[in-house]
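Reproduced below: data-v4.csv, with CSV, C-alpha atoms.
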```csv
chain,number,residue,atom,x,y,z
A,1075,MET,CA,0.0,0.0,0.0
A,1076,LEU,CA,2.9,2.3,0.9
A,1077,LYS,CA,4.5,1.4,-2.4
A,1078,GLN,CA,1.3,2.4,-4.3
A,1079,ALA,CA,1.1,5.7,-2.5
A,1080,ALA,CA,4.8,6.5,-3.3
A,1081,ASP,CA,4.2,5.5,-7.0
A,1082,TYR,CA,1.1,7.6,-7.2
A,1083,LEU,CA,2.8,10.6,-5.8
A,1084,THR,CA,5.9,10.5,-8.0
A,1085,PHE,CA,4.6,9.1,-11.2
A,1086,ASP,CA,1.0,10.3,-11.4
A,1087,LEU,CA,0.9,13.4,-9.3
A,1088,LEU,CA,4.3,14.8,-10.2
A,1089,GLY,CA,4.4,13.3,-13.6
A,1090,LEU,CA,7.9,11.8,-13.4
A,1091,VAL,CA,8.7,8.9,-15.7
A,1092,PRO,CA,9.0,5.5,-14.1
A,1093,GLY,CA,12.5,4.2,-14.7
A,1094,SER,CA,13.9,7.8,-15.0
A,1095,ARG,CA,16.7,8.7,-12.6
A,1096,GLY,CA,15.0,11.5,-10.8
A,1097,GLY,CA,11.7,9.6,-10.7
A,1098,GLU,CA,13.3,6.5,-9.2
A,1099,ALA,CA,15.3,8.5,-6.7
A,1100,LEU,CA,12.3,10.4,-5.4
A,1101,ASN,CA,10.1,7.3,-5.4
A,1102,PHE,CA,12.7,5.5,-3.4
A,1103,PHE,CA,13.1,8.4,-1.0
A,1104,LEU,CA,9.3,8.8,-0.3
A,1105,TYR,CA,8.7,5.1,0.2
A,1106,ASP,CA,11.7,4.5,2.5
A,1107,THR,CA,11.1,7.6,4.6
A,1108,VAL,CA,7.5,6.8,5.4
A,1109,LYS,CA,8.2,3.2,6.0
A,1110,ILE,CA,11.2,3.8,8.2
A,1111,PHE,CA,9.5,6.5,10.3
A,1112,PHE,CA,6.5,4.3,10.8
A,1113,LEU,CA,8.7,1.4,11.9
A,1114,LEU,CA,10.9,3.7,14.1
A,1115,THR,CA,7.9,5.2,16.0
A,1116,SER,CA,6.1,2.0,16.6
A,1117,ILE,CA,9.1,-0.3,17.4
A,1118,ILE,CA,11.0,2.2,19.6
A,1119,PHE,CA,7.8,2.6,21.7
A,1120,VAL,CA,7.4,-1.1,22.2
A,1121,VAL,CA,11.2,-1.5,23.0
A,1122,ALA,CA,11.0,1.3,25.5
A,1123,VAL,CA,8.1,-0.3,27.3
A,1124,ILE,CA,10.2,-3.5,27.6
A,1125,ARG,CA,13.3,-1.6,28.6
A,1126,SER,CA,11.6,0.2,31.4
A,1127,SER,CA,11.4,-3.2,33.2
A,1128,PHE,CA,15.2,-3.7,32.9
A,1129,PRO,CA,16.9,-0.7,34.6
A,1130,PRO,CA,20.7,-1.2,34.7
A,1131,GLU,CA,20.5,-1.7,38.5
A,1132,LYS,CA,18.4,-4.8,37.9
A,1133,THR,CA,20.7,-6.1,35.2
A,1134,LYS,CA,23.6,-5.6,37.5
A,1135,ARG,CA,22.0,-7.8,40.2
A,1136,MET,CA,21.2,-10.5,37.7
A,1137,LEU,CA,24.8,-10.6,36.5
A,1138,ALA,CA,26.6,-10.3,39.9
A,1139,HIS,CA,28.9,-13.3,40.6
A,1140,LYS,CA,27.7,-15.1,37.5
A,1141,ARG,CA,30.4,-17.5,36.2
A,1142,GLU,CA,31.9,-17.0,32.7
A,1143,TYR,CA,30.2,-18.5,29.7
A,1144,VAL,CA,26.7,-18.4,31.4
A,1145,GLY,CA,27.4,-14.9,32.5
A,1146,ASN,CA,28.7,-13.8,29.1
A,1147,VAL,CA,25.6,-15.2,27.3
A,1148,LEU,CA,23.3,-13.6,29.8
A,1149,ALA,CA,25.1,-10.2,29.7
A,1150,ALA,CA,25.0,-10.1,25.9
A,1151,LEU,CA,21.2,-10.9,26.0
A,1152,LEU,CA,20.6,-8.3,28.7
A,1153,GLY,CA,22.6,-5.8,26.6
A,1154,ILE,CA,19.7,-5.8,24.1
A,1155,VAL,CA,17.0,-4.8,26.7
A,1156,THR,CA,18.9,-2.6,29.1
A,1157,PRO,CA,18.9,1.0,28.1
A,1158,PHE,CA,22.5,2.2,27.5
A,1159,CYS,CA,23.9,5.6,26.6
A,1160,SER,CA,27.6,6.1,26.3
A,1161,CYS,CA,27.4,9.1,28.6
A,1162,SER,CA,26.5,6.7,31.5
A,1163,ALA,CA,29.2,4.2,30.5
A,1164,VAL,CA,31.4,5.1,33.5
A,1165,PRO,CA,28.8,4.8,36.3
A,1166,LEU,CA,27.5,1.7,34.6
A,1167,PHE,CA,31.0,0.1,34.4
A,1168,ILE,CA,31.8,0.9,38.0
A,1169,GLY,CA,28.4,-0.3,39.2
A,1170,PHE,CA,29.0,-3.6,37.4
A,1171,VAL,CA,32.5,-4.5,38.6
A,1172,GLU,CA,31.9,-3.2,42.1
A,1173,SER,CA,28.9,-5.4,42.6
A,1174,GLY,CA,30.9,-8.5,41.5
A,1175,VAL,CA,30.1,-8.8,37.9
A,1176,PRO,CA,33.2,-10.4,36.4
A,1177,LEU,CA,35.2,-8.2,34.0
A,1178,GLY,CA,34.7,-10.4,31.0
A,1179,VAL,CA,30.9,-10.5,31.6
A,1180,THR,CA,30.9,-6.7,31.9
A,1181,PHE,CA,32.5,-6.4,28.5
A,1182,SER,CA,30.0,-8.8,26.9
A,1183,PHE,CA,27.4,-6.3,28.1
A,1184,LEU,CA,29.4,-3.3,26.9
A,1185,VAL,CA,29.8,-4.7,23.4
A,1186,SER,CA,26.2,-6.0,23.0
A,1187,SER,CA,24.4,-3.0,24.4
A,1188,PRO,CA,25.3,-0.4,21.9
A,1189,MET,CA,25.7,-2.8,18.9
A,1190,VAL,CA,22.4,-4.6,19.2
A,1191,ASN,CA,20.3,-1.5,19.5
A,1192,GLU,CA,16.7,-1.0,18.4
A,1193,VAL,CA,17.4,1.8,15.9
A,1194,ALA,CA,20.0,-0.2,14.0
A,1195,LEU,CA,17.6,-3.2,14.0
A,1196,ILE,CA,14.7,-1.3,12.7
A,1197,MET,CA,16.7,0.3,9.9
A,1198,LEU,CA,18.1,-3.1,9.0
A,1199,TRP,CA,14.7,-4.8,9.1
A,1200,GLY,CA,13.0,-2.0,7.1
A,1201,LEU,CA,15.6,-1.7,4.4
A,1202,PHE,CA,17.3,-5.1,4.2
A,1203,GLY,CA,14.5,-7.4,5.5
A,1204,TRP,CA,14.1,-9.5,8.6
A,1205,LYS,CA,16.7,-12.2,7.6
A,1206,ILE,CA,19.6,-9.7,7.6
A,1207,ALA,CA,18.3,-8.1,10.8
A,1208,ALA,CA,18.3,-11.6,12.4
A,1209,ILE,CA,21.8,-12.3,11.2
A,1210,TYR,CA,22.9,-9.0,12.6
A,1211,ILE,CA,21.4,-9.8,16.0
A,1212,GLY,CA,22.8,-13.3,16.0
A,1213,THR,CA,26.3,-12.4,15.0
A,1214,GLY,CA,26.3,-9.3,17.2
A,1215,LEU,CA,25.5,-11.5,20.2
A,1216,VAL,CA,28.2,-14.0,19.3
A,1217,VAL,CA,30.8,-11.2,18.9
A,1218,ALA,CA,29.8,-9.8,22.3
A,1219,ILE,CA,30.0,-13.2,24.0
A,1220,VAL,CA,33.3,-14.2,22.5
A,1221,ALA,CA,34.9,-10.8,23.1
A,1222,GLY,CA,33.9,-10.9,26.7
A,1223,ILE,CA,35.1,-14.5,27.2
A,1224,ILE,CA,38.5,-13.6,25.7
A,1225,ILE,CA,38.9,-10.5,27.9
A,1226,GLY,CA,37.8,-12.6,30.9
A,1227,LYS,CA,40.5,-15.2,30.1
A,1228,LEU,CA,43.2,-12.6,29.8
A,1229,LYS,CA,42.8,-11.7,33.5
A,1230,MET,CA,43.2,-7.9,32.9
A,1231,GLU,CA,41.7,-6.8,36.2
A,1232,ARG,CA,44.9,-4.9,37.0
A,1233,TYR,CA,44.3,-2.7,33.9
A,1234,VAL,CA,41.1,-1.2,35.4
A,1235,GLN,CA,41.9,2.2,36.9
A,1236,ASP,CA,42.8,1.7,40.5
A,1237,TYR,CA,40.3,4.1,42.0
A,1238,VAL,CA,37.4,2.0,40.6
A,1239,TRP,CA,38.2,-0.8,43.1
A,1240,GLN,CA,38.2,1.6,46.0
A,1241,MET,CA,34.9,3.2,45.1
A,1242,GLN,CA,32.1,3.1,47.6
A,1243,VAL,CA,28.9,2.2,45.7
A,1244,GLY,CA,25.6,2.8,47.4
A,1245,GLN,CA,22.5,0.7,46.9
A,1246,ALA,CA,19.8,2.5,45.0
A,1247,ASP,CA,16.3,1.4,45.4
A,1248,LEU,CA,15.0,-0.5,42.4
A,1249,VAL,CA,12.2,1.6,41.0
A,1250,ILE,CA,10.2,-0.2,38.3
A,1251,PRO,CA,7.4,1.9,37.1
A,1252,ASP,CA,3.8,0.6,36.9
A,1253,PHE,CA,2.3,0.1,33.5
A,1254,ARG,CA,1.1,3.7,33.2
A,1255,GLY,CA,4.6,4.9,34.1
A,1256,LYS,CA,6.1,2.5,31.5
A,1257,LEU,CA,3.9,4.0,28.8
A,1258,ASP,CA,4.8,7.5,29.9
A,1259,TYR,CA,8.5,6.6,29.9
A,1260,ALA,CA,8.1,5.0,26.5
A,1261,ARG,CA,6.4,8.0,25.0
A,1262,GLU,CA,9.1,10.4,26.2
A,1263,TYR,CA,11.8,8.0,25.2
A,1264,THR,CA,10.4,7.6,21.7
A,1265,ILE,CA,9.8,11.4,21.2
A,1266,GLY,CA,13.3,12.2,22.5
A,1267,LEU,CA,15.0,9.6,20.3
A,1268,LEU,CA,13.1,10.6,17.2
A,1269,LYS,CA,13.9,14.2,17.8
A,1270,LYS,CA,17.6,13.3,17.9
A,1271,ILE,CA,17.8,11.0,14.9
A,1272,TRP,CA,15.3,12.3,12.4
A,1273,PRO,CA,17.7,14.6,10.5
A,1274,TYR,CA,20.2,11.7,10.1
A,1275,VAL,CA,17.4,9.4,8.9
A,1276,ILE,CA,16.3,12.0,6.3
A,1277,VAL,CA,19.8,12.8,5.1
A,1278,GLY,CA,20.7,9.1,5.0
A,1279,ILE,CA,17.7,8.1,3.0
A,1280,GLY,CA,18.1,11.1,0.8
A,1281,LEU,CA,21.7,10.2,0.0
A,1282,GLY,CA,20.7,6.6,-0.4
A,1283,ALA,CA,18.0,7.6,-2.8
A,1284,PHE,CA,20.5,9.7,-4.8
A,1285,ILE,CA,22.9,6.7,-5.0
A,1286,HIS,CA,20.0,4.4,-5.9
A,1287,GLY,CA,18.9,6.7,-8.8
A,1288,TYR,CA,22.2,8.1,-10.1
A,1289,VAL,CA,25.1,5.8,-9.4
A,1290,PRO,CA,25.5,3.0,-12.0
A,1291,ALA,CA,24.8,-0.5,-10.9
A,1292,ASP,CA,27.9,-2.5,-10.0
A,1293,PHE,CA,29.8,0.7,-9.6
A,1294,LEU,CA,31.2,-0.6,-6.3
A,1295,ALA,CA,31.6,-4.2,-7.2
A,1296,ARG,CA,35.3,-3.8,-8.0
A,1297,TRP,CA,36.3,-2.0,-4.8
A,1298,ALA,CA,33.7,-3.3,-2.2
A,1299,GLY,CA,32.8,-6.6,-3.8
A,1300,ARG,CA,33.6,-9.9,-2.2
A,1301,ASP,CA,36.7,-10.4,-4.3
A,1302,ASN,CA,38.6,-7.4,-2.7
A,1303,PRO,CA,40.2,-8.8,0.5
A,1304,PHE,CA,40.8,-5.2,1.8
A,1305,ALA,CA,37.2,-4.2,1.7
A,1306,VAL,CA,36.3,-5.6,5.1
A,1307,PRO,CA,39.1,-4.0,7.2
A,1308,VAL,CA,38.7,-0.7,5.4
A,1309,ALA,CA,34.9,-0.8,6.1
A,1310,VAL,CA,35.6,-1.5,9.8
A,1311,ALA,CA,38.1,1.4,10.0
A,1312,LEU,CA,35.7,3.8,8.3
A,1313,GLY,CA,32.9,2.7,10.7
A,1314,VAL,CA,34.7,3.9,13.9
A,1315,PRO,CA,34.3,7.7,13.5
A,1316,LEU,CA,30.7,7.4,12.4
A,1317,TYR,CA,29.4,6.4,15.8
A,1318,SER,CA,25.8,7.0,16.8
A,1319,ASN,CA,24.7,7.7,13.3
A,1320,ALA,CA,23.5,4.2,12.6
A,1321,ALA,CA,20.2,5.8,11.6
A,1322,GLY,CA,21.9,7.8,8.9
A,1323,VAL,CA,24.5,5.3,7.8
A,1324,ILE,CA,22.2,2.3,7.2
A,1325,PRO,CA,20.2,3.8,4.3
A,1326,ILE,CA,23.4,4.8,2.6
A,1327,VAL,CA,24.9,1.4,3.1
A,1328,HIS,CA,21.7,-0.2,1.7
A,1329,ALA,CA,22.1,1.8,-1.5
A,1330,LEU,CA,25.8,0.9,-1.7
A,1331,MET,CA,24.9,-2.8,-1.4
A,1332,GLU,CA,22.7,-2.4,-4.5
A,1333,LYS,CA,25.7,-1.0,-6.3
A,1334,GLY,CA,27.9,-4.0,-5.5
A,1335,MET,CA,29.1,-3.8,-1.9
A,1336,ALA,CA,29.2,-7.4,-0.6
A,1337,MET,CA,26.9,-8.3,2.3
A,1338,GLY,CA,29.6,-9.4,4.7
A,1339,THR,CA,31.3,-6.0,4.2
A,1340,VAL,CA,28.0,-4.3,4.8
A,1341,LEU,CA,27.5,-6.2,8.1
A,1342,ALA,CA,31.1,-5.6,9.3
A,1343,PHE,CA,30.7,-1.9,8.5
A,1344,MET,CA,27.5,-1.5,10.4
A,1345,MET,CA,28.8,-3.4,13.4
A,1346,ALA,CA,31.9,-1.1,13.5
A,1347,VAL,CA,29.6,2.0,13.3
A,1348,THR,CA,27.6,0.9,16.4
A,1349,ALA,CA,30.1,-1.1,18.5
A,1350,LEU,CA,33.4,0.9,18.0
A,1351,SER,CA,33.3,4.5,18.8
A,1352,LEU,CA,35.9,7.1,19.5
A,1353,PRO,CA,33.8,9.2,22.0
A,1354,GLU,CA,33.0,6.0,23.9
A,1355,ALA,CA,36.7,5.1,24.0
A,1356,VAL,CA,37.5,8.5,25.5
A,1357,ILE,CA,34.7,8.1,28.1
A,1358,LEU,CA,35.9,4.5,29.0
A,1359,SER,CA,39.5,5.7,29.4
A,1360,ASN,CA,38.3,7.2,32.7
A,1361,VAL,CA,37.9,3.6,34.1
A,1362,LEU,CA,40.2,1.5,31.8
A,1363,LYS,CA,44.0,1.8,31.5
A,1364,ARG,CA,45.4,1.9,28.0
A,1365,PRO,CA,46.2,-1.8,27.5
A,1366,LEU,CA,42.7,-2.9,28.5
A,1367,LEU,CA,41.1,-0.3,26.3
A,1368,ALA,CA,43.3,-1.3,23.4
A,1369,THR,CA,42.5,-5.0,23.9
A,1370,PHE,CA,38.8,-4.3,24.1
A,1371,PHE,CA,38.9,-2.4,20.8
A,1372,GLY,CA,41.3,-4.8,19.2
A,1373,ILE,CA,39.3,-7.9,20.0
A,1374,VAL,CA,36.0,-6.4,18.8
A,1375,ALA,CA,37.5,-5.0,15.6
A,1376,VAL,CA,39.0,-8.4,14.8
A,1377,ALA,CA,35.8,-10.2,15.6
A,1378,ILE,CA,33.8,-7.9,13.4
A,1379,THR,CA,36.3,-8.3,10.6
A,1380,ILE,CA,36.0,-12.1,10.8
A,1381,VAL,CA,32.2,-11.7,10.6
A,1382,GLY,CA,32.7,-9.7,7.5
A,1383,TYR,CA,34.9,-12.3,5.8
A,1384,LEU,CA,32.6,-15.1,6.9
A,1385,PHE,CA,29.5,-13.7,5.4
A,1386,ASN,CA,31.2,-12.6,2.3
A,1387,ALA,CA,32.2,-16.3,1.9
A,1388,ILE,CA,28.8,-17.8,2.6
A,1389,LEU,CA,26.1,-15.3,1.5
B,1169,MET,CA,15.1,20.8,50.8
B,1170,LYS,CA,18.2,19.8,49.0
B,1171,ILE,CA,18.0,18.6,45.4
B,1172,GLU,CA,21.0,17.1,43.6
B,1173,VAL,CA,21.2,16.6,39.9
B,1174,LEU,CA,23.6,13.7,39.2
B,1175,GLY,CA,25.3,13.5,35.8
B,1176,THR,CA,28.8,13.5,34.3
B,1177,GLY,CA,28.1,16.6,32.2
B,1178,CYS,CA,26.3,15.3,29.2
B,1179,ALA,CA,23.6,17.3,27.4
B,1180,LYS,CA,20.8,15.3,29.0
B,1181,CYS,CA,22.2,16.2,32.5
B,1182,LYS,CA,22.1,19.9,31.7
B,1183,THR,CA,18.5,19.7,30.5
B,1184,LEU,CA,17.5,17.9,33.7
B,1185,TYR,CA,19.2,20.6,35.8
B,1186,GLU,CA,17.4,23.3,33.9
B,1187,HIS,CA,14.1,21.5,34.3
B,1188,THR,CA,14.7,21.1,38.0
B,1189,VAL,CA,15.5,24.8,38.6
B,1190,THR,CA,12.4,25.8,36.7
B,1191,ALA,CA,10.3,23.3,38.6
B,1192,VAL,CA,11.5,24.6,42.0
B,1193,ALA,CA,10.9,28.2,40.9
B,1194,ASN,CA,7.4,27.3,39.7
B,1195,SER,CA,6.5,25.4,42.9
B,1196,GLY,CA,7.5,28.4,45.0
B,1197,LYS,CA,9.2,26.0,47.5
B,1198,GLU,CA,12.5,26.6,49.2
B,1199,ALA,CA,15.1,24.3,47.7
B,1200,GLU,CA,18.7,24.3,46.9
B,1201,VAL,CA,19.5,22.7,43.5
B,1202,VAL,CA,23.1,21.6,42.9
B,1203,LYS,CA,24.8,19.7,40.1
B,1204,VAL,CA,26.9,16.7,41.1
B,1205,GLU,CA,29.4,15.7,38.5
B,1206,ASP,CA,32.1,13.7,40.1
B,1207,ILE,CA,31.9,10.0,39.8
B,1208,PRO,CA,32.5,9.0,43.4
B,1209,SER,CA,29.6,11.1,44.6
B,1210,ILE,CA,27.4,9.7,41.9
B,1211,MET,CA,28.4,6.2,42.7
B,1212,LYS,CA,27.7,6.8,46.4
B,1213,TYR,CA,24.0,6.8,45.5
B,1214,GLY,CA,24.3,3.6,43.5
B,1215,VAL,CA,23.1,5.3,40.4
B,1216,MET,CA,24.2,3.6,37.2
B,1217,SER,CA,22.4,5.6,34.5
B,1218,THR,CA,22.6,9.3,34.4
B,1219,PRO,CA,21.1,11.8,34.7
B,1220,ALA,CA,19.5,11.2,38.0
B,1221,LEU,CA,17.7,13.3,40.6
B,1222,VAL,CA,18.3,13.0,44.4
B,1223,ILE,CA,16.0,14.8,46.8
B,1224,ASP,CA,17.2,15.1,50.4
B,1225,GLY,CA,19.6,12.2,49.9
B,1226,LYS,CA,17.1,9.8,48.3
B,1227,VAL,CA,17.2,8.8,44.6
B,1228,ALA,CA,14.0,10.0,43.0
B,1229,PHE,CA,14.7,8.6,39.6
B,1230,SER,CA,17.6,7.8,37.3
B,1231,GLY,CA,18.3,7.4,33.6
B,1232,LYS,CA,15.8,9.9,32.3
B,1233,VAL,CA,15.2,13.6,31.8
B,1234,ALA,CA,11.9,14.2,33.7
B,1235,SER,CA,9.6,17.0,32.6
B,1236,ILE,CA,9.2,20.1,34.7
B,1237,ILE,CA,5.7,18.9,35.7
B,1238,GLU,CA,7.0,15.5,36.8
B,1239,ILE,CA,9.7,17.1,38.9
B,1240,MET,CA,7.1,19.5,40.5
B,1241,ALA,CA,5.1,16.4,41.6
B,1242,LEU,CA,8.1,15.1,43.4
B,1243,LEU,CA,8.9,18.2,45.4
```
Mind converting the file's structure to structure tokens?
Amino acid sequence: MLKQAADYLTFDLLGLVPGSRGGEALNFFLYDTVKIFFLLTSIIFVVAVIRSSFPPEKTKRMLAHKREYVGNVLAALLGIVTPFCSCSAVPLFIGFVESGVPLGVTFSFLVSSPMVNEVALIMLWGLFGWKIAAIYIGTGLVVAIVAGIIIGKLKMERYVQDYVWQMQVGQADLVIPDFRGKLDYAREYTIGLLKKIWPYVIVGIGLGAFIHGYVPADFLARWAGRDNPFAVPVAVALGVPLYSNAAGVIPIVHALMEKGMAMGTVLAFMMAVTALSLPEAVILSNVLKRPLLATFFGIVAVAITIVGYLFNAIL
Amino acid sequence: MKIEVLGTGCAKCKTLYEHTVTAVANSGKEAEVVKVEDIPSIMKYGVMSTPALVIDGKVAFSGKVASIIEIMALL
């Protein structure tokens, strides 16, 4: 139905010719914008209702003194539903390790929480389809679990800033709102998030539409196709400075895929955008010494690169 | 009454501080509003997601920017 509306507007009302570059670009833009905003509004609201039942204080209690493996799996899963903002990464990290959440388990959470986020999932589902979104969740969780297990095995506790271990952490009361309160929270959360990301979504879809309409097919096949072994690491490196703009990046990447970028490269790029970020590294340097910070970034970057190669080989 | 706005200095924390100051002014109550930005003081309250609001030493909420009306109801 949406498709028909977009067709009617571009080809009948505005009189653009189907198959023409401008017509195709505008049609693509209208259809994608309406679809994505519809998905964003409805799904962010539902996710926010679920999230209001999992404040980080509760997640912390569920993870405290959990053994590795079980703890890592649980932490990665809780990372999906626990609200996370890189600005609270420091109190979150201290709260976790102080209450006895093992270091490796804490990292599984820190990887999964920003990577498997609802905005990225909605954009992937809306533009790439549910299969790719499911692959993204699945591999994202695996990366978070494996990275956390490795960091746990490396016994890097001494590379946590010393003051963290001396910190006195109080016990806040767990406040879980009633259903009415959850809906209020979800409404505010949805409005706040949409206000923040809408310009990126519009610009992203606009650029994607431009690429869709004007860039020749297979334009990227030579550089970003599966035969170029450097495409994946370059994509991962490019993803680091684009943090928090998953909303704007995914529509562009979708258009690039149509022009020949391989699926594994696409996945690796998006994971780098969400999971590896410079501002977050700066914030985390308040609680992590250099070697641990570098190990964390290194392991996640390598894991994402492997994901890229793997899916380029099998998809 | 003493109100503390906990946050490490992000944009959301500043918004919550502004909302709180306005809420106190609107309510006409006597209250001192202070920003708490250092990590040890924030952790003392066991808060893990910022911004958070502490009223007379008790955490009222954490991890959200409450509206002026919501804050007035807590005063």
Subject >> Test item: chain A residues at most 6 Å from chain B, counting all atoms listed in the file, as a count of residues only >> reply: 8
**OP:** Compare A:Val1147, A:Ile1118, A:Val1171, A:Val1238 by their minimum atom-to-atom distance to Arg1135 of chain A, counting all atoms listed in the file, and give me the closest one.
**Re:**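 Using all atoms listed in the file, Arg1135 of chain A sits closest to A:Val1171.
Reported to one decimal place, the separation of atom CA of Glu1131 of chain A from atom CA of Ile1239 of chain B is 21.7 Å.
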**OP:** Write out as a list in words which residues come within 8 Å of Val1374 of chain A when counting all atoms listed in the file, dropping same-chain ones fewer than 6 positions away.
**Re:** Val1185, Val1217, Ala1218, Ala1221, Ala1349 and Leu1350 of chain A
**OP:** Just the residues within 7 Å of Val1204 of chain B, please, counting all atoms listed in the file, with nothing from its chain fewer than 3 positions along; format it as a list in words.
**Re:**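 Residues meeting the cut-off are Glu1172, Val1173, Leu1174 and Gly1175 of chain B.
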**OP:** Could you check how far atom CA of Lys1170 of chain B sits from atom CA of Glu1198 of chain B, in Å to one decimal?
**Re:** 8.9 Å
Subject >> Exercise: Ala1241 of chain B partners within 10 Å, all atoms listed in the file, chain neighbours under 3 positions left out, as a PyMOL selection string >> reply: chain B and resi 1191+1195+1236-1238
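Around Ser1094 of chain A, within 10 Å and counting all atoms listed in the file, the residues found are Leu1090, Glu1098, Ala1099, Gly1287 and Tyr1288 of chain A, once anything fewer than 4 positions away on its own chain is removed.
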Please produce an output containing C-alpha atoms for each residue in the selection, written as a PDB file, in the coordinates of the input.
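Result file is result01.pdb:
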```pdb
ATOM      1  CA  LEU A1090       7.900  11.800 -13.400  1.00  0.00           C
ATOM      2  CA  GLU A1098      13.300   6.500  -9.200  1.00  0.00           C
ATOM      3  CA  ALA A1099      15.300   8.500  -6.700  1.00  0.00           C
ATOM      4  CA  GLY A1287      18.900   6.700  -8.800  1.00  0.00           C
ATOM      5  CA  TYR A1288      22.200   8.100 -10.100  1.00  0.00           C
TER       6      TYR A1288
END
```
Subject >> Shell around Trp1297 of chain A at 12 Å using only C-alpha atoms, local window under 2 positions removed, as a ChimeraX atom specification >> reply: /A:1292-1295,1299-1306,1308-1309,1330-1331,1333-1336,1339
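Interatomic distance, atom CA of Gly1372 of chain A to atom CA of Pro1307 of chain A: 12.2 Å.
In this comparison, which uses only C-alpha atoms, the residue of A:Ala1298, A:Ile1276, A:Leu1215, A:Leu1389 approaching Ile1110 of chain A most closely is A:Ile1276.
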Since the input lacks some atoms of segment 1349-1362 of chain A, please model N, CA and C atoms and print them as a PDB file, keeping the file's coordinate frame.
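Result written to result.pdb:
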```
ATOM      1  N   ALA A1349      29.393  -0.499  17.356  1.00  0.00           N
ATOM      2  CA  ALA A1349      30.100  -1.100  18.500  1.00  0.00           C
ATOM      3  C   ALA A1349      31.417  -0.337  18.819  1.00  0.00           C
ATOM      4  N   LEU A1350      32.061   0.216  17.804  1.00  0.00           N
ATOM      5  CA  LEU A1350      33.400   0.900  18.000  1.00  0.00           C
ATOM      6  C   LEU A1350      33.196   2.346  17.878  1.00  0.00           C
ATOM      7  N   SER A1351      33.456   3.090  18.934  1.00  0.00           N
ATOM      8  CA  SER A1351      33.300   4.500  18.800  1.00  0.00           C
ATOM      9  C   SER A1351      34.390   5.265  19.537  1.00  0.00           C
ATOM     10  N   LEU A1352      34.903   6.325  18.903  1.00  0.00           N
ATOM     11  CA  LEU A1352      35.900   7.100  19.500  1.00  0.00           C
ATOM     12  C   LEU A1352      35.438   7.829  20.797  1.00  0.00           C
ATOM     13  N   PRO A1353      34.267   8.499  20.748  1.00  0.00           N
ATOM     14  CA  PRO A1353      33.800   9.200  22.000  1.00  0.00           C
ATOM     15  C   PRO A1353      33.659   8.186  23.144  1.00  0.00           C
ATOM     16  N   GLU A1354      33.172   6.960  22.835  1.00  0.00           N
ATOM     17  CA  GLU A1354      33.000   6.000  23.900  1.00  0.00           C
ATOM     18  C   GLU A1354      34.369   5.568  24.465  1.00  0.00           C
ATOM     19  N   ALA A1355      35.379   5.463  23.582  1.00  0.00           N
ATOM     20  CA  ALA A1355      36.700   5.100  24.000  1.00  0.00           C
ATOM     21  C   ALA A1355      37.255   6.175  24.990  1.00  0.00           C
ATOM     22  N   VAL A1356      37.010   7.436  24.656  1.00  0.00           N
ATOM     23  CA  VAL A1356      37.500   8.500  25.500  1.00  0.00           C
ATOM     24  C   VAL A1356      36.788   8.436  26.883  1.00  0.00           C
ATOM     25  N   ILE A1357      35.478   8.184  26.864  1.00  0.00           N
ATOM     26  CA  ILE A1357      34.700   8.100  28.100  1.00  0.00           C
ATOM     27  C   ILE A1357      35.252   6.882  28.941  1.00  0.00           C
ATOM     28  N   LEU A1358      35.466   5.743  28.261  1.00  0.00           N
ATOM     29  CA  LEU A1358      35.900   4.500  29.000  1.00  0.00           C
ATOM     30  C   LEU A1358      37.331   4.669  29.500  1.00  0.00           C
ATOM     31  N   SER A1359      38.136   5.586  28.922  1.00  0.00           N
ATOM     32  CA  SER A1359      39.500   5.700  29.400  1.00  0.00           C
ATOM     33  C   SER A1359      39.507   6.264  30.852  1.00  0.00           C
ATOM     34  N   ASN A1360      38.367   6.765  31.327  1.00  0.00           N
ATOM     35  CA  ASN A1360      38.300   7.200  32.700  1.00  0.00           C
ATOM     36  C   ASN A1360      38.306   5.966  33.674  1.00  0.00           C
ATOM     37  N   VAL A1361      37.923   4.801  33.183  1.00  0.00           N
ATOM     38  CA  VAL A1361      37.900   3.600  34.100  1.00  0.00           C
ATOM     39  C   VAL A1361      38.844   2.521  33.596  1.00  0.00           C
ATOM     40  N   LEU A1362      39.340   2.594  32.355  1.00  0.00           N
ATOM     41  CA  LEU A1362      40.200   1.500  31.800  1.00  0.00           C
ATOM     42  C   LEU A1362      41.585   2.111  31.532  1.00  0.00           C
TER      43      LEU A1362
END
```
